[in-house]
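J.: Here it is, the structure in full.
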Amino acid sequence: MPELPEVETVMRGMQARLDGRVIIRAEVRRPDLRWAMPANLAARLTGARVVGFRRRAKYILMRLDNDDSVLLHLGMSGRITLRPRGKNDPELHEHVVLETDDGWEVAFVDPRRFGSIDLVRTNYEDDHRLLAGLGPEPLSKFFTPKVLETALSGKRMPIKAALLDQKLVAGLGNIYVCEALYRARIAPTALAGTVPTRRLVPEIKATLNEAIADGGSTLRDYVQPGGELGYFQHAWQVYGREGEPCPACPGKPECGGVARMVQSARSTFYCPKLQNMPPATPSGKG
Ligand SMILES: [Zn+2]
C-alpha cells in the first residue's frame, strides 16, 4: 500500500507532467472504484486546465481552472501511468484516462479498486468527507512536539496504534510508524500519553523526508515521475527485517537483531534493546 512518501512522489510526478495542461479528453471506463465516481466526471474534466496540486495525508488533489479539484486516493494497488499518446498499449485495469493538449495520456490503474476518485470545489477541499476529520500533516510546521503531546495526553493505547490514528496525525502508515519509533528509541507498546514527543516528532519528520528524498518507496506497483512504471527501493532500517542485524547495534548479543510482534493485527518491527522491549521469542524462521 502506498504510504505518504509514495503519494508525495506520485503527486510530484503528476505535477511535472500535468501542471498547466488542458485536459482535451477524459474517459471514465467504469462508474465506481471503492465508491461511485461523480456521474458527470468526464464532462467536468474535459476542457479544464490543471492549475495546481496539493497532497493531504495520502490524498492527491489536482486543481482545475473551473474551481473543481480532483481528489485521488491510490488505495492498495493504485498507480498513475504517464505516456505519450499512442506510445503504449493501454494496460488492464485503466479505469480513468485523461489526454492532455500536449499529447500525453495519464491513466489511473487500480486492479483491486480500493482507490477512489471524486470531485470537490477547490475552496472547500478540506470539507470533503474524506479530509474533514484528518489530523495535522506530519511534515507541516503545525505538527510540533507540543501538538502531539496534547493530542496524546491521557491516551492509554499503545503509541503504535495512536500514530496510526488519522485523527491524531494524518498520513502515517505501518511502515513509517515502525521506522520512526525505532529511530526515536521508543517502545511500540509504550502508553501513548507517556512518550517523549520531543524525541519522536523530529524522527517522524526525518523518516518521511528521507523516503521522499529517495523518490518514495513501496511494496507494490508504482509509477516513477517521467512516465516509467517501476518500483522504488528504500532502505528501511527495521521494517520487514525480522532476524536481520539491527543497524544501530550490530554484533551486540543483547540486541539479537530486529524483532517482530503483532499489534492490532499488523506487524511491528523493532530492536528489543534500543526500544526497551522484552527479548524476541524465537520465531523458528532462523
Ligand atoms: Zn538493536
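If you're wondering about the labels, chains in the C-alpha cells are A, B, ... by order shown, residues count from 1 in each chain, ligands from 1 in order shown.
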Taking a cut-off of 12 Å and counting only C-alpha atoms and all ligand atoms, can you build a table that, for each residue of chain A near ligand 1, reports the nearest atom pair and how far apart they are in Å (one decimal), sorted by chain then residue number, as a Markdown table?
T.:
| residue | atom | partner | partner_atom_place_in_ligand_line | distance |
| --- | --- | --- | --- | --- |
| A:Tyr182 | CA | ligand 1 | 1 (Zn) | 9.1 |
| A:Arg183 | CA | ligand 1 | 1 (Zn) | 10.6 |
| A:Arg185 | CA | ligand 1 | 1 (Zn) | 9.8 |
| A:Gln237 | CA | ligand 1 | 1 (Zn) | 10.3 |
| A:Val238 | CA | ligand 1 | 1 (Zn) | 9.4 |
| A:Arg241 | CA | ligand 1 | 1 (Zn) | 11.7 |
| A:Glu242 | CA | ligand 1 | 1 (Zn) | 11.3 |
| A:Gly243 | CA | ligand 1 | 1 (Zn) | 10.6 |
| A:Glu244 | CA | ligand 1 | 1 (Zn) | 9.7 |
| A:Pro245 | CA | ligand 1 | 1 (Zn) | 7.3 |
| A:Cys246 | CA | ligand 1 | 1 (Zn) | 4.4 |
| A:Pro247 | CA | ligand 1 | 1 (Zn) | 6.7 |
| A:Ala248 | CA | ligand 1 | 1 (Zn) | 5.6 |
| A:Cys249 | CA | ligand 1 | 1 (Zn) | 4.5 |
| A:Pro250 | CA | ligand 1 | 1 (Zn) | 6.9 |
| A:Gly251 | CA | ligand 1 | 1 (Zn) | 8.9 |
| A:Lys252 | CA | ligand 1 | 1 (Zn) | 7.6 |
| A:Pro253 | CA | ligand 1 | 1 (Zn) | 9.0 |
| A:Glu254 | CA | ligand 1 | 1 (Zn) | 8.0 |
| A:Cys255 | CA | ligand 1 | 1 (Zn) | 4.5 |
| A:Gly256 | CA | ligand 1 | 1 (Zn) | 6.9 |
| A:Gly257 | CA | ligand 1 | 1 (Zn) | 5.7 |
| A:Val258 | CA | ligand 1 | 1 (Zn) | 6.5 |
| A:Ala259 | CA | ligand 1 | 1 (Zn) | 9.0 |
| A:Phe269 | CA | ligand 1 | 1 (Zn) | 11.0 |
| A:Tyr270 | CA | ligand 1 | 1 (Zn) | 7.9 |
| A:Cys271 | CA | ligand 1 | 1 (Zn) | 4.4 |
| A:Pro272 | CA | ligand 1 | 1 (Zn) | 6.5 |
| A:Lys273 | CA | ligand 1 | 1 (Zn) | 5.6 |
| A:Leu274 | CA | ligand 1 | 1 (Zn) | 5.6 |
| A:Gln275 | CA | ligand 1 | 1 (Zn) | 8.2 |
| A:Asn276 | CA | ligand 1 | 1 (Zn) | 9.9 |
| A:Met277 | CA | ligand 1 | 1 (Zn) | 10.6 |
| A:Pro279 | CA | ligand 1 | 1 (Zn) | 10.7 |
| A:Ala280 | CA | ligand 1 | 1 (Zn) | 11.4 |
J.: Write the residues of the selection above to a file with C-alpha atoms, as an mmCIF file, in the first residue's frame.
T.:
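File produced: again.cif:
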data_model
loop_
_atom_site.group_PDB
_atom_site.id
_atom_site.type_symbol
_atom_site.label_atom_id
_atom_site.label_comp_id
_atom_site.auth_asym_id
_atom_site.auth_seq_id
_atom_site.Cartn_x
_atom_site.Cartn_y
_atom_site.Cartn_z
ATOM 1 C CA TYR A 182 12.816 2.663 16.176
ATOM 2 C CA ARG A 183 14.767 5.803 15.380
ATOM 3 C CA ARG A 185 14.136 4.546 20.598
ATOM 4 C CA GLN A 237 16.075 0.167 8.990
ATOM 5 C CA VAL A 238 13.731 -2.308 10.666
ATOM 6 C CA ARG A 241 13.811 -7.094 8.508
ATOM 7 C CA GLU A 242 12.934 -9.610 11.204
ATOM 8 C CA GLY A 243 16.012 -11.560 12.281
ATOM 9 C CA GLU A 244 18.461 -9.301 10.448
ATOM 10 C CA PRO A 245 21.151 -7.410 12.332
ATOM 11 C CA CYS A 246 19.825 -4.209 13.821
ATOM 12 C CA PRO A 247 21.673 -1.369 12.085
ATOM 13 C CA ALA A 248 22.292 0.563 15.315
ATOM 14 C CA CYS A 249 23.733 -2.268 17.401
ATOM 15 C CA PRO A 250 25.478 -4.762 15.133
ATOM 16 C CA GLY A 251 27.114 -7.655 16.879
ATOM 17 C CA LYS A 252 25.758 -6.835 20.304
ATOM 18 C CA PRO A 253 24.301 -10.058 21.659
ATOM 19 C CA GLU A 254 21.750 -8.332 23.854
ATOM 20 C CA CYS A 255 20.016 -6.921 20.771
ATOM 21 C CA GLY A 256 19.762 -10.181 18.840
ATOM 22 C CA GLY A 257 18.629 -8.481 15.665
ATOM 23 C CA VAL A 258 15.391 -6.932 14.512
ATOM 24 C CA ALA A 259 12.339 -8.478 16.173
ATOM 25 C CA PHE A 269 9.378 -4.357 13.750
ATOM 26 C CA TYR A 270 11.704 -3.121 16.493
ATOM 27 C CA CYS A 271 15.008 -3.538 18.338
ATOM 28 C CA PRO A 272 14.386 -5.149 21.747
ATOM 29 C CA LYS A 273 17.428 -3.483 23.275
ATOM 30 C CA LEU A 274 17.191 0.077 21.971
ATOM 31 C CA GLN A 275 13.432 0.236 22.345
ATOM 32 C CA ASN A 276 13.465 -1.357 25.783
ATOM 33 C CA MET A 277 11.279 -4.300 24.862
ATOM 34 C CA PRO A 279 13.639 -10.128 24.064
ATOM 35 C CA ALA A 280 12.005 -11.525 20.953
#
J.: Using only C-alpha atoms, which residues sit within 8 Å of A:Met76 once same-chain residues fewer than 4 positions away are excluded, as JSON, numbers by chain?
T.: {"A": [1, 2, 112, 113, 114, 115]}
J.: For A:Arg121, please output as a ChimeraX atom specification all residues within 6 Å (counting only C-alpha atoms; exclusion window: fewer than 4 positions along the same chain).
T.: /A:67-69
J.: May I ask for the distance between atom CA of A:Leu163 and atom CA of A:Tyr176, given in Å to one decimal place?
T.: 9.8 Å
J.: A:Glu137: which residues within 10 Å, counting only C-alpha atoms, same-chain residues fewer than 4 positions away excluded, as an mmCIF file with all heavy atoms, in the first residue's frame?
T.:
data_model
loop_
_atom_site.group_PDB
_atom_site.id
_atom_site.type_symbol
_atom_site.label_atom_id
_atom_site.label_comp_id
_atom_site.auth_asym_id
_atom_site.auth_seq_id
_atom_site.Cartn_x
_atom_site.Cartn_y
_atom_site.Cartn_z
ATOM 1 N N ARG A 55 -1.034 17.759 -1.749
ATOM 2 C CA ARG A 55 -1.219 16.475 -1.080
ATOM 3 C C ARG A 55 -1.772 16.723 0.313
ATOM 4 O O ARG A 55 -1.342 17.643 1.004
ATOM 5 C CB ARG A 55 0.105 15.707 -0.968
ATOM 6 C CG ARG A 55 -0.053 14.338 -0.299
ATOM 7 C CD ARG A 55 1.289 13.681 0.011
ATOM 8 N NE ARG A 55 2.154 14.564 0.781
ATOM 9 C CZ ARG A 55 1.978 14.840 2.071
ATOM 10 N NH1 ARG A 55 0.980 14.307 2.752
ATOM 11 N NH2 ARG A 55 2.812 15.671 2.689
ATOM 12 N N ARG A 56 -2.747 15.945 0.705
ATOM 13 C CA ARG A 56 -3.258 15.997 2.076
ATOM 14 C C ARG A 56 -3.323 14.557 2.561
ATOM 15 O O ARG A 56 -4.050 13.737 1.976
ATOM 16 C CB ARG A 56 -4.649 16.652 2.086
ATOM 17 C CG ARG A 56 -5.315 16.658 3.453
ATOM 18 C CD ARG A 56 -4.652 17.664 4.398
ATOM 19 N NE ARG A 56 -5.397 17.814 5.631
ATOM 20 C CZ ARG A 56 -4.940 17.457 6.838
ATOM 21 N NH1 ARG A 56 -3.715 16.949 6.967
ATOM 22 N NH2 ARG A 56 -5.678 17.624 7.908
ATOM 23 N N ALA A 57 -2.548 14.235 3.609
ATOM 24 C CA ALA A 57 -2.419 12.847 4.067
ATOM 25 C C ALA A 57 -2.045 11.985 2.865
ATOM 26 O O ALA A 57 -1.087 12.285 2.158
ATOM 27 C CB ALA A 57 -3.684 12.385 4.765
ATOM 28 N N LYS A 141 4.618 22.661 9.674
ATOM 29 C CA LYS A 141 5.163 23.319 10.869
ATOM 30 C C LYS A 141 4.173 23.271 12.025
ATOM 31 O O LYS A 141 4.515 23.547 13.168
ATOM 32 C CB LYS A 141 5.552 24.759 10.541
ATOM 33 C CG LYS A 141 4.366 25.622 10.154
ATOM 34 C CD LYS A 141 4.785 27.054 9.876
ATOM 35 C CE LYS A 141 3.516 27.853 9.541
ATOM 36 N NZ LYS A 141 3.730 29.129 8.951
ATOM 37 N N PHE A 142 2.924 22.930 11.713
ATOM 38 C CA PHE A 142 1.915 22.857 12.772
ATOM 39 C C PHE A 142 1.992 21.546 13.562
ATOM 40 O O PHE A 142 1.364 21.411 14.595
ATOM 41 C CB PHE A 142 0.503 23.015 12.190
ATOM 42 C CG PHE A 142 0.341 24.301 11.442
ATOM 43 C CD1 PHE A 142 0.281 24.319 10.070
ATOM 44 C CD2 PHE A 142 0.289 25.504 12.137
ATOM 45 C CE1 PHE A 142 0.141 25.518 9.376
ATOM 46 C CE2 PHE A 142 0.156 26.708 11.452
ATOM 47 C CZ PHE A 142 0.076 26.715 10.067
ATOM 48 N N PHE A 143 2.726 20.590 13.020
ATOM 49 C CA PHE A 143 2.893 19.328 13.740
ATOM 50 C C PHE A 143 4.159 19.422 14.587
ATOM 51 O O PHE A 143 5.265 19.225 14.109
ATOM 52 C CB PHE A 143 2.977 18.160 12.762
ATOM 53 C CG PHE A 143 3.062 16.816 13.436
ATOM 54 C CD1 PHE A 143 2.035 16.346 14.247
ATOM 55 C CD2 PHE A 143 4.185 16.014 13.273
ATOM 56 C CE1 PHE A 143 2.117 15.108 14.867
ATOM 57 C CE2 PHE A 143 4.272 14.767 13.884
ATOM 58 C CZ PHE A 143 3.242 14.320 14.679
ATOM 59 N N GLN A 166 -5.621 8.414 12.138
ATOM 60 C CA GLN A 166 -5.504 9.547 11.215
ATOM 61 C C GLN A 166 -6.064 10.850 11.792
ATOM 62 O O GLN A 166 -5.796 11.921 11.263
ATOM 63 C CB GLN A 166 -6.204 9.215 9.888
ATOM 64 C CG GLN A 166 -5.660 7.948 9.228
ATOM 65 C CD GLN A 166 -4.214 8.095 8.791
ATOM 66 O OE1 GLN A 166 -3.896 8.932 7.960
ATOM 67 N NE2 GLN A 166 -3.309 7.287 9.355
ATOM 68 N N LEU A 168 -5.272 11.881 14.807
ATOM 69 C CA LEU A 168 -4.208 12.465 15.625
ATOM 70 C C LEU A 168 -3.100 13.051 14.774
ATOM 71 O O LEU A 168 -2.545 14.104 15.074
ATOM 72 C CB LEU A 168 -3.623 11.409 16.578
ATOM 73 C CG LEU A 168 -4.571 10.872 17.641
ATOM 74 C CD1 LEU A 168 -3.832 9.954 18.598
ATOM 75 C CD2 LEU A 168 -5.198 12.028 18.426
ATOM 76 N N VAL A 169 -2.735 12.324 13.734
ATOM 77 C CA VAL A 169 -1.758 12.826 12.766
ATOM 78 C C VAL A 169 -2.101 12.135 11.445
ATOM 79 O O VAL A 169 -2.406 10.946 11.424
ATOM 80 C CB VAL A 169 -0.294 12.580 13.220
ATOM 81 C CG1 VAL A 169 -0.037 11.145 13.576
ATOM 82 C CG2 VAL A 169 0.698 13.059 12.163
ATOM 83 N N ALA A 170 -2.085 12.881 10.365
ATOM 84 C CA ALA A 170 -2.622 12.374 9.104
ATOM 85 C C ALA A 170 -1.543 11.755 8.231
ATOM 86 O O ALA A 170 -0.452 12.312 8.098
ATOM 87 C CB ALA A 170 -3.295 13.503 8.331
ATOM 88 N N GLY A 171 -1.831 10.607 7.667
ATOM 89 C CA GLY A 171 -0.982 10.081 6.603
ATOM 90 C C GLY A 171 0.089 9.099 7.035
ATOM 91 O O GLY A 171 0.809 8.578 6.192
ATOM 92 N N LEU A 172 0.221 8.840 8.342
ATOM 93 C CA LEU A 172 1.225 7.861 8.759
ATOM 94 C C LEU A 172 0.658 6.452 8.595
ATOM 95 O O LEU A 172 -0.484 6.187 8.963
ATOM 96 C CB LEU A 172 1.631 8.071 10.218
ATOM 97 C CG LEU A 172 2.480 9.295 10.514
ATOM 98 C CD1 LEU A 172 2.906 9.270 11.979
ATOM 99 C CD2 LEU A 172 3.700 9.362 9.619
#
J.: As an exercise, work out the distance from atom CA of A:Arg25 to atom CA of A:Asp127 in Å and give it to one decimal place.
T.: 28.4 Å
J.: So, counting only C-alpha atoms, which residue among A:Ala265, A:Leu208, A:Leu71, A:Ile60 is closest to A:Gly13?
T.: A:Ile60
J.: Report the distance between atom CA of A:Gly135 and atom CA of A:Asn123 in Å, rounded to one decimal place.
T.: 19.0 Å
J.: May I have all residues of stretch 103-249 of chain A that DSSP, computed from the backbone, assigns to alpha helix (DSSP H), given as an MDAnalysis selection string?
T.: chainID A and resid 145:152 159:163 174:183 197:213
J.: How would the residues just chosen look if you wrote them out with C-alpha atoms as an mmCIF file, in the first residue's frame?
T.:
data_model
loop_
_atom_site.group_PDB
_atom_site.id
_atom_site.type_symbol
_atom_site.label_atom_id
_atom_site.label_comp_id
_atom_site.auth_asym_id
_atom_site.auth_seq_id
_atom_site.Cartn_x
_atom_site.Cartn_y
_atom_site.Cartn_z
ATOM 1 C CA PRO A 145 6.103 18.021 19.821
ATOM 2 C CA LYS A 146 3.690 20.166 21.836
ATOM 3 C CA VAL A 147 0.802 19.493 19.445
ATOM 4 C CA LEU A 148 1.432 15.760 19.525
ATOM 5 C CA GLU A 149 1.868 15.758 23.281
ATOM 6 C CA THR A 150 -1.521 17.427 23.682
ATOM 7 C CA ALA A 151 -3.153 15.011 21.247
ATOM 8 C CA LEU A 152 -1.709 12.004 23.090
ATOM 9 C CA ILE A 159 1.877 4.613 20.816
ATOM 10 C CA LYS A 160 1.980 2.457 17.662
ATOM 11 C CA ALA A 161 -1.822 2.419 17.458
ATOM 12 C CA ALA A 162 -2.107 6.107 18.320
ATOM 13 C CA LEU A 163 0.205 7.147 15.489
ATOM 14 C CA ASN A 174 2.539 0.980 9.379
ATOM 15 C CA ILE A 175 5.961 1.209 7.736
ATOM 16 C CA TYR A 176 6.899 4.732 8.740
ATOM 17 C CA VAL A 177 5.475 4.399 12.244
ATOM 18 C CA CYS A 178 7.742 1.376 12.846
ATOM 19 C CA GLU A 179 10.724 3.278 11.465
ATOM 20 C CA ALA A 180 10.083 6.452 13.450
ATOM 21 C CA LEU A 181 9.598 4.593 16.753
ATOM 22 C CA TYR A 182 12.816 2.663 16.176
ATOM 23 C CA ARG A 183 14.767 5.803 15.380
ATOM 24 C CA THR A 197 7.261 13.671 21.795
ATOM 25 C CA ARG A 198 10.299 15.950 21.585
ATOM 26 C CA ARG A 199 12.281 12.902 20.525
ATOM 27 C CA LEU A 200 9.529 11.337 18.424
ATOM 28 C CA VAL A 201 8.315 14.205 16.247
ATOM 29 C CA PRO A 202 11.705 15.023 14.670
ATOM 30 C CA GLU A 203 12.186 11.332 13.844
ATOM 31 C CA ILE A 204 8.742 11.118 12.205
ATOM 32 C CA LYS A 205 9.618 14.078 10.012
ATOM 33 C CA ALA A 206 13.128 12.811 9.211
ATOM 34 C CA THR A 207 11.855 9.339 8.337
ATOM 35 C CA LEU A 208 9.272 10.728 5.915
ATOM 36 C CA ASN A 209 11.614 13.312 4.427
ATOM 37 C CA GLU A 210 14.338 10.774 3.749
ATOM 38 C CA ALA A 211 11.904 8.469 1.981
ATOM 39 C CA ILE A 212 10.523 11.339 -0.096
ATOM 40 C CA ALA A 213 14.077 12.297 -0.997
#
J.: To test your reading of the structure, identify every residue in stretch 146-250 of chain A that backbone DSSP assigns to strand (DSSP E or B), and report it as a list in words.
T.: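 Listing strand (DSSP E or B) positions across stretch 146-250 of chain A yields Pro158, Leu191, Val223 and Leu229 of chain A.
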J.: Would you mind exporting C-alpha atoms of the selected residues as an mmCIF file, in the first residue's frame?
T.:
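So part_11.cif came out as:
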data_model
loop_
_atom_site.group_PDB
_atom_site.id
_atom_site.type_symbol
_atom_site.label_atom_id
_atom_site.label_comp_id
_atom_site.auth_asym_id
_atom_site.auth_seq_id
_atom_site.Cartn_x
_atom_site.Cartn_y
_atom_site.Cartn_z
ATOM 1 C CA PRO A 158 -0.004 1.837 22.600
ATOM 2 C CA LEU A 191 1.378 4.067 26.510
ATOM 3 C CA VAL A 223 4.991 4.788 -11.111
ATOM 4 C CA LEU A 229 6.373 2.235 -14.287
#
